[in-house]
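Okay, work_34.txt now, which holds compact mmCIF, C-alpha atoms and all ligand atoms:
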# COMPACT_ATOMS: atom_id res chain seq x y z
CA MET A 1 98.48 -15.39 -72.07
CA SER A 2 101.44 -14.11 -74.09
CA ASN A 3 101.63 -10.39 -74.64
CA LYS A 4 102.93 -10.11 -78.12
CA SER A 5 102.53 -7.99 -81.16
CA ILE A 6 103.07 -9.74 -84.49
CA VAL A 7 104.05 -7.73 -87.53
CA ILE A 8 102.64 -8.54 -90.99
CA PRO A 9 104.65 -7.23 -93.98
CA PHE A 10 102.65 -4.65 -95.87
CA ASP A 11 103.31 -1.88 -98.41
CA ARG A 12 101.30 1.21 -97.56
CA PRO A 13 100.20 3.74 -100.14
CA GLY A 14 102.07 7.02 -99.71
CA CYS A 15 101.07 10.58 -100.40
CA SER A 16 103.06 10.49 -103.61
CA THR A 17 100.73 7.80 -104.94
CA ALA A 18 97.62 9.69 -103.92
CA LEU A 19 95.64 11.33 -106.67
CA ALA A 20 94.35 13.64 -104.01
CA TRP A 21 96.71 16.54 -104.54
CA ALA A 22 95.70 16.85 -108.15
CA ARG A 23 92.05 17.08 -107.16
CA VAL A 24 92.27 19.77 -104.51
CA THR A 25 89.99 22.42 -105.93
CA SER A 26 90.74 26.09 -105.54
CA GLU A 27 89.26 28.14 -102.75
CA PRO A 28 86.79 30.87 -103.70
CA GLU A 29 88.08 34.42 -104.00
CA SER A 30 87.67 36.03 -100.59
CA LYS A 31 85.30 38.65 -102.06
CA ASP A 32 82.95 35.84 -103.15
CA LYS A 33 83.04 34.04 -99.81
CA PRO A 34 80.27 35.85 -97.88
CA GLU A 35 77.82 35.27 -100.72
CA LEU A 36 78.80 31.62 -101.03
CA ILE A 37 78.48 31.06 -97.29
CA ALA A 38 75.03 32.72 -97.28
CA ARG A 39 73.99 30.46 -100.19
CA ILE A 40 75.15 27.32 -98.36
CA LYS A 41 73.29 28.37 -95.21
CA GLN A 42 70.10 28.72 -97.20
CA LEU A 43 70.67 25.42 -99.01
CA LEU A 44 71.14 23.62 -95.70
CA ILE A 45 67.75 24.91 -94.57
CA ASP A 46 66.03 24.19 -97.90
CA GLN A 47 67.44 20.66 -98.07
CA ASN A 48 66.76 19.88 -94.38
CA ALA A 49 70.46 19.14 -94.11
CA VAL A 50 73.06 19.28 -91.36
CA LEU A 51 76.80 19.77 -91.82
CA VAL A 52 79.06 17.41 -89.87
CA ALA A 53 82.73 18.39 -90.12
CA HIS A 54 86.05 17.06 -88.88
CA TYR A 55 88.69 19.24 -87.20
CA TYR A 56 91.07 18.69 -90.11
CA VAL A 57 88.93 20.33 -92.81
CA HIS A 58 89.29 23.98 -93.82
CA SER A 59 88.40 26.48 -91.09
CA ASP A 60 85.60 27.92 -93.26
CA LEU A 61 83.83 24.55 -93.16
CA GLN A 62 84.41 24.07 -89.43
CA ASP A 63 82.96 27.51 -88.67
CA LEU A 64 80.05 26.97 -91.03
CA ALA A 65 79.16 23.62 -89.42
CA GLU A 66 78.98 25.23 -86.00
CA ALA A 67 77.17 28.33 -87.21
CA THR A 68 74.40 26.24 -88.79
CA GLY A 69 73.64 23.83 -85.93
CA GLY A 70 75.97 21.10 -87.15
CA ILE A 71 79.12 19.93 -85.45
CA VAL A 72 82.88 19.97 -85.79
CA SER A 73 84.39 17.09 -83.86
CA ASP A 74 86.45 13.90 -83.79
CA SER A 75 85.24 10.82 -85.65
CA LEU A 76 83.43 9.29 -82.66
CA ASP A 77 81.30 12.40 -82.09
CA MET A 78 80.69 12.77 -85.84
CA ALA A 79 79.17 9.28 -85.78
CA ASN A 80 77.20 9.94 -82.60
CA PHE A 81 75.89 13.26 -83.82
CA SER A 82 74.79 12.10 -87.26
CA HIS A 83 73.10 9.09 -85.66
CA GLN A 84 70.94 11.28 -83.46
CA HIS A 85 70.22 14.29 -85.62
CA ARG A 86 66.76 14.72 -87.18
CA ALA A 87 67.93 16.17 -90.51
CA LYS A 88 66.98 14.21 -93.63
CA THR A 89 70.34 14.89 -95.27
CA ILE A 90 73.73 14.66 -93.58
CA VAL A 91 76.62 16.39 -95.31
CA VAL A 92 79.94 15.03 -94.13
CA ALA A 93 82.95 17.32 -94.59
CA GLY A 94 85.73 14.87 -93.90
CA VAL A 95 86.89 11.68 -95.57
CA ARG A 96 85.01 8.79 -97.07
CA PHE A 97 84.99 6.43 -94.09
CA MET A 98 83.27 9.17 -92.08
CA GLY A 99 80.56 9.50 -94.74
CA GLU A 100 80.17 5.73 -94.89
CA THR A 101 79.87 5.46 -91.10
CA ALA A 102 77.13 8.12 -91.16
CA LYS A 103 75.31 6.18 -93.92
CA ILE A 104 75.60 2.82 -92.13
CA LEU A 105 74.11 4.42 -89.02
CA ASN A 106 71.40 6.19 -91.03
CA PRO A 107 70.59 4.06 -94.08
CA GLU A 108 67.25 5.83 -94.56
CA LYS A 109 68.93 9.25 -94.84
CA ARG A 110 70.79 10.87 -97.70
CA VAL A 111 74.49 11.28 -96.91
CA LEU A 112 76.43 13.64 -99.16
CA MET A 113 80.13 14.48 -99.32
CA PRO A 114 81.78 17.46 -101.06
CA ASP A 115 84.17 15.03 -102.81
CA LEU A 116 83.73 11.27 -102.82
CA ALA A 117 87.41 10.81 -103.68
CA ALA A 118 88.40 12.06 -100.21
CA GLU A 119 89.94 8.81 -99.04
CA CYS A 120 92.30 7.89 -96.19
CA SER A 121 95.63 6.06 -96.47
CA LEU A 122 94.56 3.68 -93.69
CA ASP A 123 91.38 2.75 -95.54
CA LEU A 124 93.19 2.42 -98.90
CA GLY A 125 95.88 0.30 -97.28
CA CYS A 126 93.42 -2.29 -96.01
CA PRO A 127 91.59 -3.86 -99.00
CA ALA A 128 88.58 -5.91 -97.95
CA ASP A 129 89.64 -9.13 -99.71
CA GLU A 130 93.14 -9.15 -98.20
CA PHE A 131 91.69 -8.28 -94.83
CA ALA A 132 89.16 -11.13 -95.06
CA ALA A 133 92.02 -13.56 -95.79
CA PHE A 134 93.91 -12.21 -92.77
CA CYS A 135 90.83 -12.78 -90.57
CA ASP A 136 90.27 -16.26 -92.02
CA ALA A 137 93.84 -17.17 -91.08
CA HIS A 138 93.22 -16.21 -87.44
CA PRO A 139 89.73 -17.37 -86.50
CA ASP A 140 90.66 -17.50 -82.79
CA ARG A 141 90.93 -13.70 -82.56
CA VAL A 142 88.34 -10.99 -81.92
CA VAL A 143 88.50 -8.59 -84.87
CA VAL A 144 88.80 -4.93 -83.88
CA VAL A 145 89.02 -2.34 -86.66
CA TYR A 146 89.69 1.35 -86.54
CA ALA A 147 86.96 3.64 -87.91
CA ASN A 148 89.31 4.53 -90.79
CA THR A 149 88.24 1.53 -92.88
CA SER A 150 85.73 0.73 -95.61
CA ALA A 151 82.22 -0.57 -94.96
CA ALA A 152 83.34 -3.97 -96.29
CA VAL A 153 86.17 -4.19 -93.74
CA LYS A 154 83.83 -3.11 -90.94
CA ALA A 155 81.39 -5.81 -92.07
CA ARG A 156 84.07 -8.37 -91.29
CA ALA A 157 84.81 -6.95 -87.80
CA ASP A 158 83.47 -7.71 -84.34
CA TRP A 159 84.19 -4.20 -83.05
CA MET A 160 84.86 -0.81 -84.56
CA VAL A 161 86.78 1.76 -82.50
CA THR A 162 87.92 5.35 -82.93
CA SER A 163 91.03 6.81 -81.33
CA SER A 164 89.04 8.09 -78.35
CA ILE A 165 87.68 4.67 -77.39
CA ALA A 166 90.30 2.17 -78.65
CA LEU A 167 92.02 1.80 -75.27
CA PRO A 168 88.94 1.03 -73.11
CA VAL A 169 87.52 -1.38 -75.72
CA VAL A 170 90.73 -3.39 -76.06
CA LYS A 171 91.29 -3.33 -72.28
CA HIS A 172 87.77 -4.72 -71.84
CA LEU A 173 88.36 -7.48 -74.42
CA HIS A 174 91.77 -8.33 -72.92
CA GLU A 175 90.23 -8.62 -69.44
CA GLN A 176 87.72 -11.06 -70.88
CA GLY A 177 90.62 -13.20 -72.10
CA HIS A 178 90.30 -12.43 -75.82
CA LYS A 179 93.16 -12.31 -78.29
CA ILE A 180 92.81 -9.51 -80.83
CA LEU A 181 93.29 -9.04 -84.53
CA TRP A 182 93.76 -5.31 -85.11
CA ALA A 183 93.61 -3.23 -88.30
CA PRO A 184 94.72 -1.11 -89.97
CA ASP A 185 96.92 1.45 -88.13
CA ARG A 186 100.11 -0.13 -86.84
CA HIS A 187 101.08 2.84 -84.64
CA LEU A 188 97.72 3.11 -82.88
CA GLY A 189 97.61 -0.69 -82.58
CA GLY A 190 101.12 -0.77 -81.09
CA TYR A 191 100.24 1.98 -78.64
CA VAL A 192 97.05 0.19 -77.54
CA GLN A 193 98.97 -3.09 -77.22
CA GLU A 194 101.60 -1.45 -75.01
CA GLN A 195 99.05 0.27 -72.80
CA THR A 196 96.74 -2.71 -72.31
CA GLY A 197 99.15 -5.66 -72.51
CA ALA A 198 96.66 -7.37 -74.85
CA ASP A 199 97.74 -10.05 -77.32
CA MET A 200 97.32 -8.17 -80.62
CA LEU A 201 98.06 -9.19 -84.16
CA LEU A 202 98.59 -5.97 -86.13
CA TRP A 203 97.82 -5.07 -89.73
CA GLN A 204 100.63 -2.80 -90.94
CA GLY A 205 98.82 0.30 -92.19
CA ALA A 206 99.81 3.89 -91.46
CA CYS A 207 98.50 7.42 -91.83
CA VAL A 208 100.48 9.43 -94.39
CA VAL A 209 100.22 12.53 -92.21
CA HIS A 210 101.08 11.19 -88.75
CA ASP A 211 103.74 8.79 -90.00
CA GLU A 212 105.87 11.81 -90.94
CA TYR A 213 106.40 13.32 -87.48
CA LYS A 214 110.06 13.15 -86.46
CA SER A 215 111.15 12.47 -82.88
CA ARG A 216 114.70 13.85 -83.06
CA GLU A 217 113.51 17.19 -84.40
CA LEU A 218 110.69 17.20 -81.86
CA VAL A 219 113.22 16.88 -79.02
CA GLN A 220 115.08 19.89 -80.45
CA LEU A 221 111.94 22.00 -80.79
CA LYS A 222 110.81 21.07 -77.28
CA ALA A 223 114.15 22.26 -75.88
CA GLN A 224 113.51 25.72 -77.36
CA TYR A 225 110.28 26.11 -75.36
CA PRO A 226 110.84 25.12 -71.72
CA GLY A 227 107.54 24.28 -70.05
CA CYS A 228 105.77 23.58 -73.33
CA MET A 229 103.33 20.71 -73.68
CA VAL A 230 103.51 18.12 -76.46
CA LEU A 231 100.13 16.91 -77.77
CA VAL A 232 100.25 13.77 -79.92
CA HIS A 233 97.64 11.80 -81.84
CA PRO A 234 98.30 8.04 -81.39
CA GLU A 235 98.53 7.46 -85.16
CA SER A 236 102.04 8.92 -84.80
CA PRO A 237 105.17 6.74 -84.62
CA ARG A 238 106.09 5.26 -81.22
CA ALA A 239 109.19 7.47 -80.77
CA VAL A 240 106.97 10.55 -81.13
CA VAL A 241 104.24 9.17 -78.84
CA GLN A 242 106.93 8.57 -76.21
CA LEU A 243 107.70 12.31 -76.16
CA ALA A 244 104.05 13.27 -75.58
CA ASP A 245 102.58 14.90 -72.50
CA VAL A 246 99.10 14.06 -73.76
CA ILE A 247 98.16 11.30 -76.23
CA GLY A 248 94.61 11.30 -77.54
CA SER A 249 92.00 11.77 -80.22
CA THR A 250 91.58 15.18 -81.81
CA SER A 251 88.87 16.14 -79.28
CA GLU A 252 91.02 14.99 -76.38
CA LEU A 253 93.99 17.04 -77.61
CA ILE A 254 91.83 20.16 -77.90
CA LYS A 255 90.47 19.61 -74.40
CA ALA A 256 94.01 19.20 -73.05
CA ALA A 257 95.06 22.48 -74.67
CA GLN A 258 92.12 24.25 -73.01
CA GLN A 259 92.66 22.74 -69.57
CA SER A 260 96.45 23.02 -69.33
CA VAL A 261 98.19 25.98 -67.70
CA ALA A 262 100.98 25.68 -70.29
CA GLN A 263 101.31 28.60 -72.71
CA VAL A 264 103.06 26.80 -75.56
CA PHE A 265 101.94 23.57 -77.26
CA ILE A 266 103.62 21.44 -79.89
CA VAL A 267 100.94 19.58 -81.80
CA ALA A 268 101.59 16.28 -83.60
CA THR A 269 98.41 15.91 -85.62
CA ASP A 270 96.98 17.41 -88.84
CA ASN A 271 97.36 21.19 -88.72
CA GLY A 272 93.65 21.70 -89.47
CA ILE A 273 93.15 21.22 -85.72
CA LEU A 274 95.05 24.45 -84.97
CA HIS A 275 92.05 26.55 -86.01
CA LYS A 276 89.94 25.22 -83.14
CA MET A 277 92.84 25.31 -80.67
CA ARG A 278 93.67 28.93 -81.51
CA THR A 279 90.02 29.98 -81.41
CA LEU A 280 89.45 28.42 -78.00
CA CYS A 281 92.81 29.52 -76.55
CA PRO A 282 93.72 32.83 -78.25
CA ASP A 283 96.46 33.66 -75.73
CA LYS A 284 98.35 30.38 -76.13
CA LEU A 285 100.97 29.54 -78.75
CA PHE A 286 100.44 26.44 -80.91
CA LEU A 287 103.31 25.06 -83.00
CA GLU A 288 103.23 22.25 -85.53
CA ALA A 289 105.34 19.23 -84.62
CA PRO A 290 108.27 18.86 -87.05
CA THR A 291 107.92 16.68 -90.13
CA ALA A 292 111.16 17.75 -91.76
CA GLY A 293 114.40 15.88 -91.15
CA VAL A 294 115.99 12.57 -92.09
CA GLY A 295 113.57 10.44 -94.10
CA ALA A 296 111.10 13.26 -94.66
CA ASN A 297 108.69 13.00 -97.57
CA CYS A 298 108.41 15.98 -99.93
CA THR A 299 104.73 16.27 -99.06
CA SER A 300 105.28 16.29 -95.27
CA CYS A 301 103.07 19.30 -94.70
CA SER A 302 101.08 18.09 -91.69
CA HIS A 303 97.87 18.25 -93.65
CA CYS A 304 95.78 15.37 -94.92
CA PRO A 305 95.52 15.63 -98.73
CA TRP A 306 92.07 14.06 -98.65
CA MET A 307 90.65 16.31 -95.92
CA ALA A 308 91.91 19.20 -98.08
CA MET A 309 89.55 18.17 -100.87
CA ASN A 310 86.58 19.62 -98.97
CA ASN A 311 85.83 23.28 -99.63
CA LEU A 312 82.99 25.81 -99.84
CA VAL A 313 82.66 25.47 -103.63
CA ASN A 314 82.14 21.71 -103.75
CA LEU A 315 79.99 21.85 -100.61
CA ALA A 316 77.60 24.31 -102.31
CA HIS A 317 77.67 22.16 -105.45
CA VAL A 318 76.59 18.93 -103.74
CA LEU A 319 73.82 20.71 -101.86
CA GLU A 320 72.56 22.20 -105.12
CA THR A 321 72.81 19.06 -107.24
CA GLY A 322 72.49 16.17 -104.79
CA GLU A 323 75.64 14.70 -106.34
CA ASN A 324 78.16 12.67 -104.34
CA GLU A 325 75.67 10.67 -102.34
CA ILE A 326 77.26 7.86 -100.34
CA GLN A 327 76.01 4.48 -101.57
CA ILE A 328 76.71 1.28 -99.68
CA ASP A 329 75.97 -2.22 -100.87
CA ALA A 330 72.70 -3.15 -99.08
CA GLY A 331 74.19 -6.47 -97.99
CA LEU A 332 76.97 -4.71 -96.11
CA ILE A 333 74.84 -2.36 -94.02
CA ALA A 334 73.70 -4.84 -91.35
CA PRO A 335 77.08 -6.55 -90.77
CA ALA A 336 78.92 -3.19 -90.79
CA LEU A 337 76.40 -1.71 -88.36
CA LEU A 338 77.06 -4.37 -85.75
CA PRO A 339 80.65 -3.36 -84.80
CA ILE A 340 79.73 0.34 -84.88
CA GLU A 341 76.71 -0.12 -82.61
CA ARG A 342 78.80 -2.24 -80.28
CA MET A 343 81.19 0.68 -79.92
CA LEU A 344 78.44 3.27 -79.42
CA ASP A 345 76.72 1.10 -76.78
CA PHE A 346 80.05 0.57 -75.03
CA ALA A 347 80.73 4.35 -75.09
CA ARG A 348 77.36 4.94 -73.41
CA LYS A 349 78.04 2.21 -70.84
CA ILE A 350 81.40 3.62 -69.79
CA LYS A 351 79.91 7.13 -70.03
CA LEU A 352 82.50 8.39 -72.48
CA PRO A 353 81.54 12.04 -72.89
CA ALA A 354 79.80 12.48 -76.24
CA ARG A 355 79.23 15.89 -77.80
CA GLY A 356 76.39 17.23 -79.82
CA ILE A 357 73.60 15.13 -78.39
CA GLY A 358 72.00 18.16 -76.74
CA ASN A 359 71.99 20.06 -80.03
CA VAL A 360 69.67 17.84 -81.98
P1 LIG A 401 89.95 11.39 -84.54
O1 LIG A 401 88.90 10.36 -84.34
O2 LIG A 401 90.89 11.51 -83.37
O3 LIG A 401 89.35 12.71 -84.89
O4 LIG A 401 90.89 10.94 -85.74
C1 LIG A 401 90.46 10.74 -87.04
C2 LIG A 401 91.59 10.72 -87.97
O5 LIG A 401 91.43 10.42 -89.14
C3 LIG A 401 92.91 11.03 -87.48
O6 LIG A 401 93.83 11.07 -88.51
FE1 LIG A 402 93.40 9.12 -92.86
FE2 LIG A 402 95.58 10.23 -91.92
FE3 LIG A 402 93.89 11.66 -93.37
FE4 LIG A 402 93.24 10.88 -90.86
S1 LIG A 402 94.85 12.30 -91.45
S2 LIG A 402 91.94 10.79 -92.67
S3 LIG A 402 94.21 8.87 -90.79
S4 LIG A 402 95.10 9.91 -94.08

Written as structure tokens, that's how I'd like the structure from this file.
Ligand code: 13P
Ligand code: SF4
Amino acid sequence: MSNKSIVIPFDRPGCSTALAWARVTSEPESKDKPELIARIKQLLIDQNAVLVAHYYVHSDLQDLAEATGGIVSDSLDMANFSHQHRAKTIVVAGVRFMGETAKILNPEKRVLMPDLAAECSLDLGCPADEFAAFCDAHPDRVVVVYANTSAAVKARADWMVTSSIALPVVKHLHEQGHKILWAPDRHLGGYVQEQTGADMLLWQGACVVHDEYKSRELVQLKAQYPGCMVLVHPESPRAVVQLADVIGSTSELIKAAQQSVAQVFIVATDNGILHKMRTLCPDKLFLEAPTAGVGANCTSCSHCPWMAMNNLVNLAHVLETGENEIQIDAGLIAPALLPIERMLDFARKIKLPARGIGNV
């Protein structure tokens, strides 16, 4: 079998085209915060709701999720947790594909999001009709899609994966002799292709945050901190991944920071993750990987503009009003569920550690 990676031309949406920045709502005055947090805690109880947050959202939301019996985690554990929790309402503080995944797994439950316009450049860069045409053109390939896609794209896939399980799934498919059609992240796909040797045809999407990390500047920063450890999310460009000491999902990077004896870490992923890293390792120094340099975008701030749309004010609002409920075309639920369940079953089979199950 040939080990090749074929590149499809594709124009990705950039931050500058995102409406997101304009919609980031202001944070509450700090004097109003305690009252607002107390109100949300009560609303969660009254509405029989649980808060499921991603590591990239504001620290207030991460802390609130944990303080109220919810979870802050990577996208695999968010899916696992929401699937197993008894609450009638799941509030997802993250981006739209995370809310949609929770809804597909729990169609009988109400899934709310603080802002339904919290998208993801990978999802936006992979329209379902173009993706279907891509699949139709390559019927000999097993279709593996990243979680960061719409329900309609998932409905067309054989497997869904997150960053923490992409490698073992593709390795498994490769060992079975399958050729793979991968979408949408070209960097993660390229990394998985290199690691597994699988024959992968790659959609050319990218994350507007991770695409901005710069390898030359990273080398310079690394040289200033001898003995430091570089932690990289695999949505980053290849040249940055090659400088990493640890490559992994957000949960895996946090675990590496906890377990390492290093005192200084350079982190190439959304800076929302630094809250958890600094809380768990207060004596260690965490630095953001550089985004400035040749080819930098004016919005290279290491923070996802869509994750930033979640805040205490709109969280309280959706709990009070029931607005922003995730709706998915009934015809898409069953076909989109299939690739997600395949992944969750596979995770159980290979005993990938899942978090949150004991908390439900
Ligand atoms: P994780 O699954 O690693 O948390 O990643 C989700 C994501 O959107 C990264 O940009
Ligand atoms: Fe999507 Fe990137 Fe934001 Fe993650 S950080 S949700 S991949 S745009």

Using only C-alpha atoms, the residue out of A:Gln47, A:Thr149, A:Ser215, A:Ser30 with shortest distance to A:Leu112 is A:Gln47

Excluding A:Glu217 and residues on its chain fewer than 3 positions from it, collect all residues at most 8 Å away from it, counting only C-alpha atoms, and give them as an MDAnalysis selection string. chainID A and resid 214 220:221 290 292:293

Write to file, as an mmCIF file, in the coordinates of the input, the residues of the selection just made, with C-alpha atoms.
data_model
loop_
_atom_site.group_PDB
_atom_site.id
_atom_site.type_symbol
_atom_site.label_atom_id
_atom_site.label_comp_id
_atom_site.auth_asym_id
_atom_site.auth_seq_id
_atom_site.Cartn_x
_atom_site.Cartn_y
_atom_site.Cartn_z
ATOM 1 C CA LYS A 214 110.060 13.150 -86.460
ATOM 2 C CA GLN A 220 115.080 19.890 -80.450
ATOM 3 C CA LEU A 221 111.940 22.000 -80.790
ATOM 4 C CA PRO A 290 108.270 18.860 -87.050
ATOM 5 C CA ALA A 292 111.160 17.750 -91.760
ATOM 6 C CA GLY A 293 114.400 15.880 -91.150
#

Need the shell around A:Gln258: protein/DNA/RNA residues with any atom at most 10 Å away, counting only C-alpha atoms. Skip same-chain ones fewer than 5 positions apart. Format as a compact mmCIF listing (two decimals) with C-alpha atoms, in the frame of the given file?
# COMPACT_ATOMS: atom_id res chain seq x y z
CA GLU A 252 91.02 14.99 -76.38
CA LEU A 253 93.99 17.04 -77.61
CA MET A 277 92.84 25.31 -80.67
CA ARG A 278 93.67 28.93 -81.51
CA LEU A 280 89.45 28.42 -78.00
CA CYS A 281 92.81 29.52 -76.55
CA LYS A 284 98.35 30.38 -76.13

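For the choices A:Lys154, A:Gln42, A:Tyr225, A:Ile37, the atom-to-atom distance to A:Leu332 is smallest for A:Lys154 when using all atoms listed in the file.
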
To check your reading of the model: which residues sit at most 8 Å from ligand LIG 401 (chain A) when counting only C-alpha atoms and all ligand atoms? Write the answer as a list in words. His54, Tyr55, Ser73, Asp74, Ser75, Leu76, Val95, Cys120, Ala147, Asn148, Thr162, Ser163, Ser164, Cys207, Val209, His210, His233, Glu235, Gly248, Ser249, Thr250, Ser251, Glu252, Thr269, Asp270 and Cys304 of chain A

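When atom CA of A:Val57 is paired with atom CA of A:Gly99, their separation reads 13.8 Å.
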
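In this comparison, which uses all atoms listed in the file, the residue of A:Ile40, A:Leu116, A:Leu243, A:Leu218 approaching A:Leu315 most closely is A:Ile40.
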
What lies within 8 Å of stretch 58-71 of chain A using all atoms listed in the file, ignoring chain neighbours under 6 positions off, as an MDAnalysis selection string? chainID A and resid 37 41 50:52 78 81 93 272 275 308 310:312 356 359

A:Gly190, A:Pro34, A:Pro305, A:Gly331: which is nearest ligand LIG 402 (chain A), counting only C-alpha atoms and all ligand atoms? A:Pro305

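Computed from the coordinates, the atom CA of A:Arg96 to atom CA of A:Ala118 distance equals 5.7 Å.
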
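Atom CA of A:Val111 sits 29.8 Å away from atom CA of A:Cys135.
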
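Using only C-alpha atoms, the shortest contact distance between A:Arg342 and any of A:Met160, A:Leu43, A:Ala117, A:Leu36 is found at A:Met160.
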
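Among the candidate residues A:Ser150, A:Gln242, A:Ser260, A:Asn80, the one lying nearest to ligand LIG 402 (chain A) is A:Ser150, with distances computed using only C-alpha atoms and all ligand atoms.
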
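Those DNA, RNA and protein residues that approach the point (95.7, -6.7, -90.0) to within 6 Å, considering only C-alpha atoms, are Trp182, Ala183, Pro184, Leu202 and Trp203 of chain A.
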
Can you tell me, as AutoDock Vina command-line options, the centre and edge lengths (Å, one decimal) of the axis-aligned box enclosing all of stretch 313-326 of chain A's listed atoms after padding each side by 5 Å?
--center_x 77.6 --center_y 16.7 --center_z -103.8 --size_x 20.2 --size_y 27.6 --size_z 16.9

Which neighbours of A:Glu100 fall inside 8 Å, counting all atoms listed in the file, when residues of the same chain fewer than 6 positions from it are skipped, and could you give them as an MDAnalysis selection string? chainID A and resid 150:151 326:328

As a PyMOL selection string, please: the residues near A:Leu287 (cut-off 7 Å, only C-alpha atoms, same-chain neighbours under 6 positions excluded). chain A and resi 265-267
